[in-house]
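Everything on this sheet refers to the single structure shown next.
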Amino acid sequence: GEPYVPVNYDYRFHGPVLLRQALACSYNVVAVKVLEQIGIPALTSLTTRLGITSLGQADSSGLALTLGSGEVRLLELTAAYGGFATGGLRVRPYLIDEVTTADGTVLYQALTPPRERVMDERIAYLITDILSDPKARAPAFGEGSALDAGLPAAVKTGTTTEWRDNWTVGYTTRYVVGVWVGNADNEPMRGISGVDGAAPIWRGVIRALHPTAPPGFSRPDGLVEIEVCAESGQLPGAACTHRRRELFLQ
């Protein structure tokens, strides 16, 4: 009867600090280990609830699924990120808003699709908090990269095998923008990654949509900040010299 099934992840093996940097920097080893632990059905269950319909045969991809072995549509992937932007509510995209005649008679008007909760609001915020953290992505992408839009925005890149596909999907509290870059005949590009190909387009669009900066992301109730050891992500001991505060489910 629950609208979603929570996934229990064992943080003893990968502290939240490590997960933050791994996700922000696209360090795929940690993502593969997470998928190995939760299992492919848990992942595809979540992607289906978020509106991605093309991963029905994902079991055949194995753990490579987290590296991009499954095909997705740009519209569905962008809408799935909308689930994080709305705090865990599914976004159902549509292409035609209204059809009118020359004299203004409305022949068709899209109904606002209902939104159902598909993810814990706190989990959605944790992902948003990571993807909007420029310091967390700096080790891989540097400071002032195309992912830094100069306004509160969460963003993620992706690059598939042989540079065939570039992805950048990101969102603010007002808009979600997804960009794909590649060749229409599926030929590989020449060493162009998501941050080089799709990200500059994403940044240009997201800036154009926001002549003034949007409000930042609002933290929901039920999260607490705890001081942890930055190297392990665990509670700091006497030997821990580098500490930071990290968000946890209460």
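Lettering and numbering for the structure tokens are positional, with chains as A, B, ... in the shown order, residues counted from 1 in each chain, and ligands counted from 1 in the shown order.
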
Dump as a tab-separated table the rows for residues of range 19-74 of chain A within 12 Å of range 114-122 of chain A: closest atom pair and distance in Å with one decimal, only C-alpha atoms counted, ordered by chain and rising residue number.
residue	atom	partner	partner_atom	distance
A:Ser45	CA	A:Val118	CA	10.2
A:Leu46	CA	A:Val118	CA	7.9
A:Thr47	CA	A:Val118	CA	9.8
A:Thr48	CA	A:Val118	CA	9.7
A:Arg49	CA	A:Val118	CA	6.0
A:Leu50	CA	A:Val118	CA	6.9
A:Gly51	CA	A:Val118	CA	10.0

Closest atom pairs, residues of range 54-126 of chain A within 10 Å of range 214-232 of chain A, only C-alpha atoms, as CSV:
residue,atom,partner,partner_atom,distance
A:Ala85,CA,A:Phe217,CA,8.6
A:Thr86,CA,A:Phe217,CA,9.9
A:Gly87,CA,A:Pro220,CA,8.7
A:Glu121,CA,A:Pro220,CA,7.1
A:Arg122,CA,A:Pro220,CA,6.3
A:Ile123,CA,A:Leu223,CA,9.5
A:Ala124,CA,A:Pro220,CA,9.7
A:Tyr125,CA,A:Arg219,CA,6.7
A:Leu126,CA,A:Arg219,CA,8.9

How would the residues just picked look written out with N, CA and C atoms as a PDB file, in the first residue's frame?
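Generated file (selection.pdb):
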ATOM      1  N   ALA A  85      13.546  17.599  -8.255  1.00  0.00           N
ATOM      2  CA  ALA A  85      13.295  19.036  -8.141  1.00  0.00           C
ATOM      3  C   ALA A  85      12.016  19.337  -7.365  1.00  0.00           C
ATOM      4  N   THR A  86      11.018  18.455  -7.471  1.00  0.00           N
ATOM      5  CA  THR A  86       9.742  18.678  -6.783  1.00  0.00           C
ATOM      6  C   THR A  86       9.720  18.073  -5.391  1.00  0.00           C
ATOM      7  N   GLY A  87      10.850  17.538  -4.948  1.00  0.00           N
ATOM      8  CA  GLY A  87      10.875  16.954  -3.616  1.00  0.00           C
ATOM      9  C   GLY A  87      10.256  15.569  -3.552  1.00  0.00           C
ATOM     10  N   GLU A 121      10.698  12.752   0.502  1.00  0.00           N
ATOM     11  CA  GLU A 121      11.125  14.131   0.275  1.00  0.00           C
ATOM     12  C   GLU A 121      12.542  14.375   0.785  1.00  0.00           C
ATOM     13  N   ARG A 122      12.893  13.724   1.880  1.00  0.00           N
ATOM     14  CA  ARG A 122      14.234  13.915   2.448  1.00  0.00           C
ATOM     15  C   ARG A 122      15.313  13.328   1.538  1.00  0.00           C
ATOM     16  N   ILE A 123      15.015  12.163   0.934  1.00  0.00           N
ATOM     17  CA  ILE A 123      15.968  11.544   0.022  1.00  0.00           C
ATOM     18  C   ILE A 123      16.168  12.430  -1.205  1.00  0.00           C
ATOM     19  N   ALA A 124      15.057  12.957  -1.740  1.00  0.00           N
ATOM     20  CA  ALA A 124      15.152  13.845  -2.897  1.00  0.00           C
ATOM     21  C   ALA A 124      16.022  15.056  -2.573  1.00  0.00           C
ATOM     22  N   TYR A 125      15.872  15.591  -1.362  1.00  0.00           N
ATOM     23  CA  TYR A 125      16.668  16.755  -0.997  1.00  0.00           C
ATOM     24  C   TYR A 125      18.145  16.403  -0.853  1.00  0.00           C
ATOM     25  N   LEU A 126      18.451  15.228  -0.310  1.00  0.00           N
ATOM     26  CA  LEU A 126      19.850  14.832  -0.162  1.00  0.00           C
ATOM     27  C   LEU A 126      20.545  14.774  -1.523  1.00  0.00           C
TER      28      LEU A 126
END

Alpha helix (DSSP H) call set, DSSP backbone run, range 59-176 of chain A, as a count of residues only: 31

Quick check for you: according to DSSP on this backbone, which residues of range 22-241 of chain A are classed as strand (DSSP E)? Reply as a PyMOL selection string. chain A and resi 98-100+106-109+154-159+165-171+176-182+223-229

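Nearest to Thr53 in chain A of all the residues A:Arg90, A:His242, A:Lys33, A:Arg73 is A:Arg73, based on only C-alpha atoms.
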
Measuring atom to atom with only C-alpha atoms, identify which of A:Asp97, A:Thr159, A:Thr78, A:Val205 is nearest to Gln109 in chain A. A:Asp97

For Ile206 in chain A, which residue out of A:Tyr94, A:Tyr175, A:Trp167, A:Tyr81 is the nearest one, using only C-alpha atoms? A:Tyr175

For Ser193 in chain A, list every protein, DNA or RNA residue within 8 Å, evaluated using only C-alpha atoms, and leave out those in the same chain fewer than 3 positions away; present the list as a ChimeraX atom specification. /A:158-159,163,166,196-198
